[in-house]
$ cat final-v9.pdb   # PDB, C-alpha atoms and all ligand atoms
ATOM      1  CA  MET A  26      33.849 -20.001   8.538
ATOM      2  CA  VAL A  27      32.818 -16.325   8.743
ATOM      3  CA  ARG A  28      30.502 -16.906   5.782
ATOM      4  CA  ILE A  29      28.832 -19.871   7.533
ATOM      5  CA  ILE A  30      28.260 -17.802  10.691
ATOM      6  CA  GLU A  31      26.847 -14.929   8.623
ATOM      7  CA  SER A  32      24.424 -17.131   6.696
ATOM      8  CA  GLY A  33      23.405 -18.781  10.007
ATOM      9  CA  LYS A  34      22.624 -15.327  11.397
ATOM     10  CA  LYS A  35      20.637 -14.459   8.285
ATOM     11  CA  TYR A  36      18.655 -17.679   8.630
ATOM     12  CA  ILE A  37      17.850 -16.965  12.292
ATOM     13  CA  ALA A  38      16.958 -13.337  11.492
ATOM     14  CA  LYS A  39      14.550 -14.514   8.813
ATOM     15  CA  LYS A  40      12.950 -17.049  11.183
ATOM     16  CA  LEU A  41      12.702 -14.389  13.878
ATOM     17  CA  ALA A  42      11.144 -11.978  11.406
ATOM     18  CA  ASN A  43       8.504 -14.551  10.481
ATOM     19  CA  GLN A  44       7.841 -15.197  14.160
ATOM     20  CA  ALA A  45       7.564 -11.466  14.859
ATOM     21  CA  VAL A  46       5.024 -11.085  12.071
ATOM     22  CA  LYS A  47       2.888 -13.870  13.568
ATOM     23  CA  LEU A  48       3.169 -12.497  17.100
ATOM     24  CA  PHE A  49       2.510  -8.861  16.365
ATOM     25  CA  GLY A  50      -1.245  -9.038  16.633
ATOM     26  CA  SER A  51      -1.347 -10.681  20.044
ATOM     27  CA  ALA A  52       1.967 -10.239  21.859
ATOM     28  CA  SER A  53       2.375  -8.009  24.919
ATOM     29  CA  PRO A  54       4.786  -5.032  24.812
ATOM     30  CA  LYS A  55       7.091  -7.088  27.080
ATOM     31  CA  THR A  56       7.252  -9.935  24.562
ATOM     32  CA  LEU A  57       7.817  -7.515  21.697
ATOM     33  CA  ALA A  58      10.619  -5.842  23.684
ATOM     34  CA  ARG A  59      12.240  -9.282  24.159
ATOM     35  CA  LEU A  60      11.885 -10.034  20.478
ATOM     36  CA  SER A  61      13.497  -6.698  19.579
ATOM     37  CA  SER A  62      16.296  -7.471  22.003
ATOM     38  CA  LEU A  63      16.915 -10.804  20.258
ATOM     39  CA  LEU A  64      16.956  -9.034  16.897
ATOM     40  CA  GLU A  65      19.428  -6.557  18.379
ATOM     41  CA  ARG A  66      21.768  -9.392  19.363
ATOM     42  CA  ILE A  67      21.778 -11.189  16.040
ATOM     43  CA  ALA A  68      21.531  -8.179  13.700
ATOM     44  CA  SER A  69      24.453  -8.339  11.305
ATOM     45  CA  THR A  70      25.151  -4.602  10.909
ATOM     46  CA  LYS A  71      25.570  -1.642  13.246
ATOM     47  CA  ASP A  72      22.565   0.132  11.678
ATOM     48  CA  ALA A  73      20.316  -2.911  12.129
ATOM     49  CA  LYS A  74      21.398  -3.214  15.789
ATOM     50  CA  GLU A  75      20.570   0.437  16.348
ATOM     51  CA  ILE A  76      17.107   0.089  14.785
ATOM     52  CA  ALA A  77      16.387  -3.005  16.904
ATOM     53  CA  ALA A  78      17.622  -1.208  20.060
ATOM     54  CA  ASN A  79      15.293   1.731  19.356
ATOM     55  CA  MET A  80      12.391  -0.669  18.879
ATOM     56  CA  ARG A  81      13.218  -2.392  22.170
ATOM     57  CA  LYS A  82      13.252   0.953  24.050
ATOM     58  CA  MET A  83       9.990   1.935  22.407
ATOM     59  CA  PHE A  84       8.232  -1.209  23.665
ATOM     60  CA  GLU A  85       9.862  -0.985  27.099
ATOM     61  CA  THR A  86       8.660   2.583  27.673
ATOM     62  CA  ASN A  87       5.239   2.203  26.010
ATOM     63  CA  HIS A  88       6.107   5.110  23.705
ATOM     64  CA  PRO A  89       3.201   6.272  21.447
ATOM     65  CA  MET A  90       4.930   4.325  18.675
ATOM     66  CA  ALA A  91       4.387   1.113  20.644
ATOM     67  CA  ARG A  92       0.712   2.047  20.830
ATOM     68  CA  TRP A  93       0.865   2.700  17.074
ATOM     69  CA  PHE A  94       2.070  -0.870  16.504
ATOM     70  CA  ARG A  95      -0.933  -2.080  18.486
ATOM     71  CA  ARG A  96      -3.231   0.048  16.299
ATOM     72  CA  VAL A  97      -1.688  -1.580  13.222
ATOM     73  CA  ALA A  98      -2.216  -5.011  14.762
ATOM     74  CA  LYS A  99      -5.839  -4.243  15.630
ATOM     75  CA  GLU A 100      -7.110  -2.167  12.703
ATOM     76  CA  VAL A 101      -5.233  -3.561   9.701
ATOM     77  CA  SER A 102      -6.163  -6.961   8.225
ATOM     78  CA  PRO A 103      -3.739  -9.839   8.972
ATOM     79  CA  LYS A 104      -2.690  -9.944   5.292
ATOM     80  CA  CYS A 105      -1.870  -6.211   5.108
ATOM     81  CA  ARG A 106      -0.371  -6.135   8.611
ATOM     82  CA  ASP A 107       1.949  -9.063   7.871
ATOM     83  CA  GLY A 108       2.751  -7.589   4.442
ATOM     84  CA  PHE A 109       3.671  -4.250   6.001
ATOM     85  CA  ILE A 110       5.799  -5.761   8.780
ATOM     86  CA  SER A 111       7.630  -8.232   6.562
ATOM     87  CA  THR A 112       8.339  -5.782   3.700
ATOM     88  CA  ALA A 113       8.534  -2.242   5.149
ATOM     89  CA  ILE A 114      10.109  -3.240   8.468
ATOM     90  CA  MET A 115      11.888  -6.594   8.241
ATOM     91  CA  ASN A 116      13.076  -6.576   4.618
ATOM     92  CA  SER A 117      13.653  -2.853   4.316
ATOM     93  CA  MET A 118      15.192  -2.203   7.740
ATOM     94  CA  PHE A 119      16.941  -5.501   8.527
ATOM     95  CA  LEU A 120      17.274  -8.142   5.832
ATOM     96  CA  GLY A 121      18.248  -5.646   3.109
ATOM     97  CA  LEU A 122      21.113  -4.213   5.186
ATOM     98  CA  PRO A 123      23.789  -6.838   4.323
ATOM     99  CA  ILE A 124      23.152  -6.205   0.598
ATOM    100  CA  ARG A 125      23.462  -2.486   1.260
ATOM    101  CA  MET A 126      26.753  -3.011   3.129
ATOM    102  CA  LYS A 127      28.084  -5.101   0.243
ATOM    103  CA  PHE A 128      27.101  -2.336  -2.195
ATOM    104  CA  LYS A 129      28.837   0.227  -0.002
ATOM    105  CA  ASN A 130      32.023  -1.832   0.205
ATOM    106  CA  GLU A 131      32.124  -2.273  -3.566
ATOM    107  CA  GLU A 132      31.020   1.202  -4.659
ATOM    108  CA  GLY A 133      32.278   3.364  -1.779
ATOM    109  CA  PHE A 134      28.907   4.887  -0.871
ATOM    110  CA  TYR A 135      25.586   3.775   0.621
ATOM    111  CA  PRO A 136      22.640   3.245  -1.706
ATOM    112  CA  PRO A 137      19.492   5.238  -0.818
ATOM    113  CA  ASN A 138      17.068   3.781   1.739
ATOM    114  CA  LEU A 139      14.186   4.120  -0.672
ATOM    115  CA  ILE A 140      13.540   5.168  -4.249
ATOM    116  CA  VAL A 141      10.787   7.513  -5.431
ATOM    117  CA  ILE A 142       9.481   6.854  -8.941
ATOM    118  CA  SER A 143       7.122   9.137 -10.797
ATOM    119  CA  VAL A 144       5.294   6.652 -12.995
ATOM    120  CA  THR A 145       2.989   9.019 -14.893
ATOM    121  CA  MET A 146       2.238  12.712 -15.256
ATOM    122  CA  ARG A 147      -1.412  12.057 -16.084
ATOM    123  CA  CYS A 148      -4.068  12.901 -13.497
ATOM    124  CA  ASN A 149      -7.841  12.989 -13.182
ATOM    125  CA  PHE A 150      -7.659  16.209 -11.063
ATOM    126  CA  LYS A 151      -6.455  19.692 -11.968
ATOM    127  CA  CYS A 152      -5.265  21.222  -8.696
ATOM    128  CA  PRO A 153      -3.751  24.713  -8.739
ATOM    129  CA  GLY A 154      -0.010  24.681  -8.064
ATOM    130  CA  CYS A 155       0.509  21.125  -9.344
ATOM    131  CA  TRP A 156       3.836  20.632 -11.110
ATOM    132  CA  ALA A 157       2.752  17.385 -12.805
ATOM    133  CA  MET A 158       0.287  19.301 -14.968
ATOM    134  CA  GLU A 159       3.176  21.150 -16.596
ATOM    135  CA  TYR A 160       4.367  17.887 -18.105
ATOM    136  CA  SER A 161       1.251  15.760 -18.490
ATOM    137  CA  SER A 162       0.656  16.335 -22.201
ATOM    138  CA  LYS A 163       4.321  16.013 -23.212
ATOM    139  CA  THR A 164       5.588  13.143 -21.052
ATOM    140  CA  PRO A 165       4.721   9.496 -21.689
ATOM    141  CA  ASP A 166       4.190   7.071 -18.800
ATOM    142  CA  LEU A 167       7.311   5.239 -17.607
ATOM    143  CA  ASP A 168       7.661   1.993 -19.505
ATOM    144  CA  ILE A 169       6.559  -1.030 -17.451
ATOM    145  CA  ASN A 170       9.601  -3.117 -18.461
ATOM    146  CA  LEU A 171      11.928  -0.339 -17.376
ATOM    147  CA  LEU A 172      10.098  -0.065 -14.048
ATOM    148  CA  ASP A 173      10.399  -3.813 -13.583
ATOM    149  CA  LYS A 174      14.162  -3.668 -14.265
ATOM    150  CA  VAL A 175      14.704  -0.718 -11.881
ATOM    151  CA  ILE A 176      12.851  -2.443  -9.028
ATOM    152  CA  ARG A 177      14.602  -5.793  -9.578
ATOM    153  CA  GLU A 178      18.065  -4.215  -9.696
ATOM    154  CA  GLY A 179      17.323  -1.877  -6.771
ATOM    155  CA  ARG A 180      16.211  -4.811  -4.634
ATOM    156  CA  ASP A 181      18.859  -7.349  -5.642
ATOM    157  CA  GLU A 182      21.892  -5.086  -5.946
ATOM    158  CA  MET A 183      21.169  -2.266  -3.493
ATOM    159  CA  GLY A 184      18.929  -3.966  -0.914
ATOM    160  CA  ILE A 185      16.076  -1.492  -1.518
ATOM    161  CA  TYR A 186      12.712  -2.910  -0.467
ATOM    162  CA  PHE A 187      10.848   0.381   0.065
ATOM    163  CA  TRP A 188       9.464   2.041  -3.074
ATOM    164  CA  THR A 189       7.520   5.277  -3.242
ATOM    165  CA  ILE A 190       5.301   5.607  -6.290
ATOM    166  CA  THR A 191       4.066   9.018  -7.326
ATOM    167  CA  GLY A 192       2.652  10.898 -10.326
ATOM    168  CA  GLY A 193       0.446  12.540 -11.573
ATOM    169  CA  GLU A 194      -2.016   9.987 -10.320
ATOM    170  CA  PRO A 195      -0.485   6.473 -10.177
ATOM    171  CA  PHE A 196      -3.881   4.717 -10.165
ATOM    172  CA  VAL A 197      -4.654   5.933 -13.710
ATOM    173  CA  ARG A 198      -2.305   3.073 -14.696
ATOM    174  CA  LYS A 199      -3.899  -0.347 -14.553
ATOM    175  CA  ASP A 200      -0.671  -2.292 -15.153
ATOM    176  CA  LEU A 201       1.067  -1.425 -11.887
ATOM    177  CA  LEU A 202      -0.888  -3.686  -9.544
ATOM    178  CA  ASP A 203       0.616  -6.721 -11.323
ATOM    179  CA  LEU A 204       4.074  -5.271 -10.764
ATOM    180  CA  TYR A 205       3.388  -4.809  -7.045
ATOM    181  CA  GLU A 206       2.249  -8.419  -6.937
ATOM    182  CA  LYS A 207       5.382  -9.639  -8.695
ATOM    183  CA  TYR A 208       7.598  -7.878  -6.121
ATOM    184  CA  HIS A 209       5.662  -9.143  -3.119
ATOM    185  CA  ASP A 210       8.749  -8.880  -0.880
ATOM    186  CA  CYS A 211       8.877  -5.096  -1.478
ATOM    187  CA  PHE A 212       6.708  -2.363   0.020
ATOM    188  CA  PHE A 213       4.959   0.129  -2.289
ATOM    189  CA  HIS A 214       3.953   3.401  -0.809
ATOM    190  CA  ILE A 215       1.720   5.273  -3.252
ATOM    191  CA  TYR A 216       0.899   8.982  -3.336
ATOM    192  CA  THR A 217      -2.595   9.267  -4.747
ATOM    193  CA  ASN A 218      -5.661  11.500  -4.787
ATOM    194  CA  GLY A 219      -7.499   8.270  -3.985
ATOM    195  CA  VAL A 220     -10.664   8.674  -5.992
ATOM    196  CA  LEU A 221      -9.815   5.910  -8.498
ATOM    197  CA  ILE A 222      -9.656   3.379  -5.655
ATOM    198  CA  ASN A 223     -13.054   1.775  -6.157
ATOM    199  CA  ASP A 224     -14.172  -1.435  -4.437
ATOM    200  CA  GLU A 225     -12.405  -3.637  -6.964
ATOM    201  CA  VAL A 226      -9.083  -1.807  -6.584
ATOM    202  CA  ALA A 227      -9.406  -1.700  -2.773
ATOM    203  CA  ASP A 228     -10.044  -5.441  -2.768
ATOM    204  CA  ARG A 229      -6.975  -6.096  -4.936
ATOM    205  CA  ILE A 230      -4.802  -3.898  -2.668
ATOM    206  CA  ALA A 231      -6.131  -5.776   0.366
ATOM    207  CA  ARG A 232      -5.201  -9.108  -1.219
ATOM    208  CA  LEU A 233      -1.713  -7.887  -2.178
ATOM    209  CA  GLY A 234      -0.787  -6.759   1.347
ATOM    210  CA  ASN A 235       2.342  -4.825   0.285
ATOM    211  CA  VAL A 236       0.673  -1.662  -1.094
ATOM    212  CA  ALA A 237      -0.087   1.413   1.029
ATOM    213  CA  PRO A 238      -1.986   4.328  -0.552
ATOM    214  CA  MET A 239      -1.153   7.780   0.873
ATOM    215  CA  ILE A 240      -4.175   9.908   0.112
ATOM    216  CA  SER A 241      -3.809  13.635  -0.526
ATOM    217  CA  VAL A 242      -5.755  16.073   1.639
ATOM    218  CA  GLU A 243      -5.343  19.786   2.254
ATOM    219  CA  GLY A 244      -6.606  19.758   5.837
ATOM    220  CA  LEU A 245     -10.230  19.139   6.782
ATOM    221  CA  LYS A 246     -13.326  19.580   4.561
ATOM    222  CA  GLU A 247     -13.202  23.307   3.820
ATOM    223  CA  ALA A 248      -9.482  23.444   2.979
ATOM    224  CA  THR A 249      -9.621  20.249   0.899
ATOM    225  CA  ASP A 250     -12.656  21.375  -1.110
ATOM    226  CA  ARG A 251     -11.105  24.817  -1.627
ATOM    227  CA  ARG A 252      -8.065  23.407  -3.455
ATOM    228  CA  ARG A 253      -9.389  20.141  -4.898
ATOM    229  CA  GLY A 254     -12.896  21.259  -5.789
ATOM    230  CA  GLU A 255     -16.342  21.101  -4.200
ATOM    231  CA  GLY A 256     -17.135  17.575  -2.959
ATOM    232  CA  ALA A 257     -13.477  16.456  -2.924
ATOM    233  CA  TRP A 258     -13.455  15.879   0.856
ATOM    234  CA  ASP A 259     -16.535  13.621   0.696
ATOM    235  CA  ARG A 260     -15.021  11.573  -2.140
ATOM    236  CA  ILE A 261     -11.687  11.263  -0.357
ATOM    237  CA  THR A 262     -13.166  10.283   2.991
ATOM    238  CA  ALA A 263     -15.401   7.717   1.239
ATOM    239  CA  VAL A 264     -12.216   6.144  -0.177
ATOM    240  CA  MET A 265     -10.596   6.146   3.264
ATOM    241  CA  LYS A 266     -13.639   4.408   4.731
ATOM    242  CA  ARG A 267     -13.510   1.841   1.921
ATOM    243  CA  LEU A 268      -9.828   1.122   2.555
ATOM    244  CA  LYS A 269     -10.477   0.848   6.281
ATOM    245  CA  GLU A 270     -13.272  -1.657   5.660
ATOM    246  CA  HIS A 271     -10.883  -3.715   3.529
ATOM    247  CA  GLY A 272      -8.266  -3.610   6.312
ATOM    248  CA  VAL A 273      -5.662  -1.855   4.157
ATOM    249  CA  PHE A 274      -2.652  -0.065   5.680
ATOM    250  CA  PHE A 275      -2.997   3.498   4.351
ATOM    251  CA  GLY A 276      -2.281   7.109   5.260
ATOM    252  CA  PHE A 277      -2.536  10.726   4.151
ATOM    253  CA  SER A 278      -0.270  13.232   2.499
ATOM    254  CA  ALA A 279      -0.870  16.929   3.144
ATOM    255  CA  THR A 280       0.663  20.007   1.578
ATOM    256  CA  SER A 281       0.995  22.729   4.195
ATOM    257  CA  THR A 282       0.439  26.293   2.993
ATOM    258  CA  ARG A 283       0.224  29.677   4.697
ATOM    259  CA  GLN A 284      -3.552  29.153   4.852
ATOM    260  CA  ASN A 285      -3.821  25.612   6.227
ATOM    261  CA  VAL A 286      -0.667  24.832   8.248
ATOM    262  CA  GLU A 287      -2.259  25.391  11.631
ATOM    263  CA  GLU A 288      -4.980  22.914  10.743
ATOM    264  CA  THR A 289      -2.809  20.252   9.033
ATOM    265  CA  THR A 290      -0.472  20.025  12.031
ATOM    266  CA  SER A 291      -3.200  20.185  14.696
ATOM    267  CA  GLU A 292      -4.369  17.448  17.060
ATOM    268  CA  LYS A 293      -7.894  17.844  15.665
ATOM    269  CA  PHE A 294      -6.705  16.998  12.165
ATOM    270  CA  ILE A 295      -4.652  13.968  13.248
ATOM    271  CA  ASP A 296      -7.532  12.691  15.395
ATOM    272  CA  LYS A 297      -9.803  12.889  12.334
ATOM    273  CA  MET A 298      -7.241  11.074  10.173
ATOM    274  CA  MET A 299      -6.949   8.320  12.801
ATOM    275  CA  GLU A 300     -10.719   8.043  13.037
ATOM    276  CA  LEU A 301     -10.877   7.598   9.248
ATOM    277  CA  GLY A 302      -8.337   4.783   9.536
ATOM    278  CA  CYS A 303      -5.047   6.438   8.499
ATOM    279  CA  MET A 304      -1.972   4.808  10.026
ATOM    280  CA  ASN A 305       0.561   7.377   8.918
ATOM    281  CA  GLY A 306       0.863  10.755   7.233
ATOM    282  CA  TRP A 307       3.332  12.833   5.250
ATOM    283  CA  TYR A 308       3.729  16.574   5.261
ATOM    284  CA  PHE A 309       5.000  18.620   2.348
ATOM    285  CA  GLN A 310       5.495  22.344   2.334
ATOM    286  CA  TYR A 311       4.016  24.284  -0.545
ATOM    287  CA  ILE A 312       6.534  25.342  -3.204
ATOM    288  CA  PRO A 313       5.236  27.797  -5.834
ATOM    289  CA  ILE A 314       5.759  25.864  -9.060
ATOM    290  CA  GLY A 315       3.505  24.260 -11.668
ATOM    291  CA  ASN A 316      -0.036  25.289 -12.551
ATOM    292  CA  ASN A 317      -0.719  28.895 -11.425
ATOM    293  CA  PRO A 318       1.990  29.183  -8.706
ATOM    294  CA  ASN A 319       1.319  31.526  -5.766
ATOM    295  CA  PRO A 320       4.310  32.637  -3.612
ATOM    296  CA  ASN A 321       1.857  34.047  -1.047
ATOM    297  CA  LEU A 322       0.941  30.494  -0.069
ATOM    298  CA  MET A 323       4.497  29.678   1.046
ATOM    299  CA  LEU A 324       4.958  29.199   4.796
ATOM    300  CA  THR A 325       6.494  32.093   6.705
ATOM    301  CA  PRO A 326       9.620  31.322   8.797
ATOM    302  CA  GLU A 327       7.433  31.502  11.939
ATOM    303  CA  GLN A 328       4.975  29.009  10.466
ATOM    304  CA  ARG A 329       7.792  26.604   9.580
ATOM    305  CA  GLU A 330       8.962  26.686  13.186
ATOM    306  CA  MET A 331       5.403  26.221  14.478
ATOM    307  CA  SER A 332       4.877  23.322  12.075
ATOM    308  CA  ARG A 333       8.077  21.632  13.277
ATOM    309  CA  LYS A 334       7.057  21.989  16.936
ATOM    310  CA  ASN A 335       3.513  20.773  16.262
ATOM    311  CA  VAL A 336       4.723  17.676  14.430
ATOM    312  CA  TYR A 337       7.204  16.842  17.227
ATOM    313  CA  HIS A 338       4.380  17.221  19.732
ATOM    314  CA  LEU A 339       2.166  14.862  17.696
ATOM    315  CA  ARG A 340       4.979  12.295  17.533
ATOM    316  CA  GLU A 341       5.308  12.334  21.309
ATOM    317  CA  THR A 342       1.594  12.044  22.023
ATOM    318  CA  LYS A 343      -0.352  10.248  19.268
ATOM    319  CA  PRO A 344      -0.272   6.593  18.186
ATOM    320  CA  PHE A 345       0.351   7.801  14.667
ATOM    321  CA  LEU A 346       3.358   7.824  12.354
ATOM    322  CA  GLU A 347       4.089  11.199  10.718
TER     323      GLU A 347
HETATM  324  S1  LIG B   1      -1.841  17.738  -7.004
HETATM  325 FE1  LIG B   1      -2.068  15.509  -7.266
HETATM  326  S2  LIG B   1      -4.264  15.216  -7.549
HETATM  327 FE2  LIG B   1      -3.861  17.383  -7.937
HETATM  328  S3  LIG B   1      -3.532  17.532 -10.140
HETATM  329 FE3  LIG B   1      -1.534  17.259  -9.211
HETATM  330  S4  LIG B   1      -1.146  15.073  -9.255
HETATM  331 FE4  LIG B   1      -3.330  15.384  -9.596
END
$ encode --input "final-v9.pdb" --output "structure tokens"
Amino acid sequence: MVRIIESGKKYIAKKLANQAVKLFGSASPKTLARLSSLLERIASTKDAKEIAANMRKMFETNHPMARWFRRVAKEVSPKCRDGFISTAIMNSMFLGLPIRMKFKNEEGFYPPNLIVISVTMRCNFKCPGCWAMEYSSKTPDLDINLLDKVIREGRDEMGIYFWTITGGEPFVRKDLLDLYEKYHDCFFHIYTNGVLINDEVADRIARLGNVAPMISVEGLKEATDRRRGEGAWDRITAVMKRLKEHGVFFGFSATSTRQNVEETTSEKFIDKMMELGCMNGWYFQYIPIGNNPNPNLMLTPEQREMSRKNVYHLRETKPFLE
């Protein structure tokens, strides 16, 4: 009997998820709050209920995150928007949870929420301070069949639908787009320098709908060109414009150093990233390893505190996810 009720709940949750995906582009915050409240009621785990409750509050109070959802609905193509919502939100945050609970009950610990895979150490750039360069000549790319097995087992046995792909530069590999297509119910979040995303690749990503490039920048033009080479900013922003034109969900990743942290965590920087079409962003703090490490670029304790405060301020004010 319990099993019948549980599978009934799963069925309703799936239907509701599909409905939510269709409604996202046009529904009012009030409708989305009601939908979240329904999800809250039928969610099968405590964690899922909590996530749904937070979403409901967010829509009820018109939090910047609710405005962010509207940006996604407006600026991202229907294919990429629906792909993002159904994989990164519904599958990863809700529908994967019963599998995760089962894993926990059998193994005694929770599986991770996401898995990061470094698929290659090769790269078309040579940035100072990059750890991947230490290994690029000695380390072969991860075998595609092994990657396939890891993703299948992670999804089916651990309920992991959110995959972060990193390198080196993941887009030097041409075989991965087929893998992302095969696992169309998973979300692939890809750290990239971006410049290999030509029109053909952008078009393929747009048609897949479950792939989100996170493009590396070092701040605005001067800081980005200083580390990545003259002209890097123009090439990167051209890629961002291309992805925006294709309606792809994408973002930035920035490494904060002693020299650029004020800029990377400023309103001016986030406004520029939003203007270029970024939906989210990731911050990393410089660690002196890899090619020509420089301890003087590490953040001071005061800068770490400032960075934390700045990011909290951005979260409370901007329709942006960082
Ligand atoms: S930092 Fe990124 S773009 Fe630069 S060399 Fe390393 S992997 Fe390549």
$ residues_near_ligand --input "final-v9.pdb" --ligand "ligand LIG 1 (chain B)" --cutoff "10 Å" --atoms "only C-alpha atoms and all ligand atoms" --output "PyMOL selection string"
chain A and resi 145-159+161+191-195+216-220+240-242+252-253+280+315-316
$ write_last_selection --input "final-v9.pdb" --atoms "C-alpha atoms" --output "PDB file, in the coordinates of the input"
ATOM      1  CA  THR A 145       2.989   9.019 -14.893  1.00  0.00           C
ATOM      2  CA  MET A 146       2.238  12.712 -15.256  1.00  0.00           C
ATOM      3  CA  ARG A 147      -1.412  12.057 -16.084  1.00  0.00           C
ATOM      4  CA  CYS A 148      -4.068  12.901 -13.497  1.00  0.00           C
ATOM      5  CA  ASN A 149      -7.841  12.989 -13.182  1.00  0.00           C
ATOM      6  CA  PHE A 150      -7.659  16.209 -11.063  1.00  0.00           C
ATOM      7  CA  LYS A 151      -6.455  19.692 -11.968  1.00  0.00           C
ATOM      8  CA  CYS A 152      -5.265  21.222  -8.696  1.00  0.00           C
ATOM      9  CA  PRO A 153      -3.751  24.713  -8.739  1.00  0.00           C
ATOM     10  CA  GLY A 154      -0.010  24.681  -8.064  1.00  0.00           C
ATOM     11  CA  CYS A 155       0.509  21.125  -9.344  1.00  0.00           C
ATOM     12  CA  TRP A 156       3.836  20.632 -11.110  1.00  0.00           C
ATOM     13  CA  ALA A 157       2.752  17.385 -12.805  1.00  0.00           C
ATOM     14  CA  MET A 158       0.287  19.301 -14.968  1.00  0.00           C
ATOM     15  CA  GLU A 159       3.176  21.150 -16.596  1.00  0.00           C
ATOM     16  CA  SER A 161       1.251  15.760 -18.490  1.00  0.00           C
ATOM     17  CA  THR A 191       4.066   9.018  -7.326  1.00  0.00           C
ATOM     18  CA  GLY A 192       2.652  10.898 -10.326  1.00  0.00           C
ATOM     19  CA  GLY A 193       0.446  12.540 -11.573  1.00  0.00           C
ATOM     20  CA  GLU A 194      -2.016   9.987 -10.320  1.00  0.00           C
ATOM     21  CA  PRO A 195      -0.485   6.473 -10.177  1.00  0.00           C
ATOM     22  CA  TYR A 216       0.899   8.982  -3.336  1.00  0.00           C
ATOM     23  CA  THR A 217      -2.595   9.267  -4.747  1.00  0.00           C
ATOM     24  CA  ASN A 218      -5.661  11.500  -4.787  1.00  0.00           C
ATOM     25  CA  GLY A 219      -7.499   8.270  -3.985  1.00  0.00           C
ATOM     26  CA  VAL A 220     -10.664   8.674  -5.992  1.00  0.00           C
ATOM     27  CA  ILE A 240      -4.175   9.908   0.112  1.00  0.00           C
ATOM     28  CA  SER A 241      -3.809  13.635  -0.526  1.00  0.00           C
ATOM     29  CA  VAL A 242      -5.755  16.073   1.639  1.00  0.00           C
ATOM     30  CA  ARG A 252      -8.065  23.407  -3.455  1.00  0.00           C
ATOM     31  CA  ARG A 253      -9.389  20.141  -4.898  1.00  0.00           C
ATOM     32  CA  THR A 280       0.663  20.007   1.578  1.00  0.00           C
ATOM     33  CA  GLY A 315       3.505  24.260 -11.668  1.00  0.00           C
ATOM     34  CA  ASN A 316      -0.036  25.289 -12.551  1.00  0.00           C
TER      35      ASN A 316
END
$ closest_residue --input "final-v9.pdb" --among "A:Ile140, A:Leu57, A:Met299, A:Leu233" --to "Ile190 (chain A)" --atoms "all atoms listed in the file"
A:Ile140
$ residues_around --input "final-v9.pdb" --residues "Ile169 (chain A)" --least-positions-apart "5" --cutoff "9 Å" --atoms "all atoms listed in the file" --output "number ranges by chain"
A: 144, 174, 200-201, 204
$ atom_distance --input "final-v9.pdb" --atom1 "CA of Glu132 (chain A)" --atom2 "CA of Ile185 (chain A)"
15.5 Å
$ resolve_selection --input "final-v9.pdb" --expression "the PyMOL selection byres (((chain A and resi 121-128) around 9) and not hetatm)" --output "list in words"
Ser69, Thr70, Asp72, Ala73, Met115, Asn116, Ser117, Met118, Phe119, Leu120, Lys129, Asn130, Glu131, Glu132, Gly133, Phe134, Tyr135, Pro136, Pro137, Asn138, Arg180, Asp181, Glu182, Met183, Gly184, Ile185 and Tyr186 of chain A
$ closest_residue --input "final-v9.pdb" --among "A:Phe274, A:Phe84, A:Phe94, A:Phe109" --to "His209 (chain A)" --atoms "all atoms listed in the file"
A:Phe109
$ resolve_selection --input "final-v9.pdb" --expression "the PyMOL selection byres (((chain A and resi 77-83) around 10) and not hetatm)" --output "PyMOL selection string"
chain A and resi 54-68+71-76+84-92+118-119
$ write_last_selection --input "final-v9.pdb" --atoms "C-alpha atoms" --output "CSV table (one decimal), in the frame of the given file"
chain,number,residue,atom,x,y,z
A,54,PRO,CA,4.8,-5.0,24.8
A,55,LYS,CA,7.1,-7.1,27.1
A,56,THR,CA,7.3,-9.9,24.6
A,57,LEU,CA,7.8,-7.5,21.7
A,58,ALA,CA,10.6,-5.8,23.7
A,59,ARG,CA,12.2,-9.3,24.2
A,60,LEU,CA,11.9,-10.0,20.5
A,61,SER,CA,13.5,-6.7,19.6
A,62,SER,CA,16.3,-7.5,22.0
A,63,LEU,CA,16.9,-10.8,20.3
A,64,LEU,CA,17.0,-9.0,16.9
A,65,GLU,CA,19.4,-6.6,18.4
A,66,ARG,CA,21.8,-9.4,19.4
A,67,ILE,CA,21.8,-11.2,16.0
A,68,ALA,CA,21.5,-8.2,13.7
A,71,LYS,CA,25.6,-1.6,13.2
A,72,ASP,CA,22.6,0.1,11.7
A,73,ALA,CA,20.3,-2.9,12.1
A,74,LYS,CA,21.4,-3.2,15.8
A,75,GLU,CA,20.6,0.4,16.3
A,76,ILE,CA,17.1,0.1,14.8
A,84,PHE,CA,8.2,-1.2,23.7
A,85,GLU,CA,9.9,-1.0,27.1
A,86,THR,CA,8.7,2.6,27.7
A,87,ASN,CA,5.2,2.2,26.0
A,88,HIS,CA,6.1,5.1,23.7
A,89,PRO,CA,3.2,6.3,21.4
A,90,MET,CA,4.9,4.3,18.7
A,91,ALA,CA,4.4,1.1,20.6
A,92,ARG,CA,0.7,2.0,20.8
A,118,MET,CA,15.2,-2.2,7.7
A,119,PHE,CA,16.9,-5.5,8.5
$ closest_residue --input "final-v9.pdb" --among "A:His214, A:Arg106, A:Lys207, A:His338" --to "His271 (chain A)" --atoms "all atoms listed in the file"
A:Arg106
$ atom_distance --input "final-v9.pdb" --atom1 "CA of Gly254 (chain A)" --atom2 "CA of Asp166 (chain A)"
25.7 Å
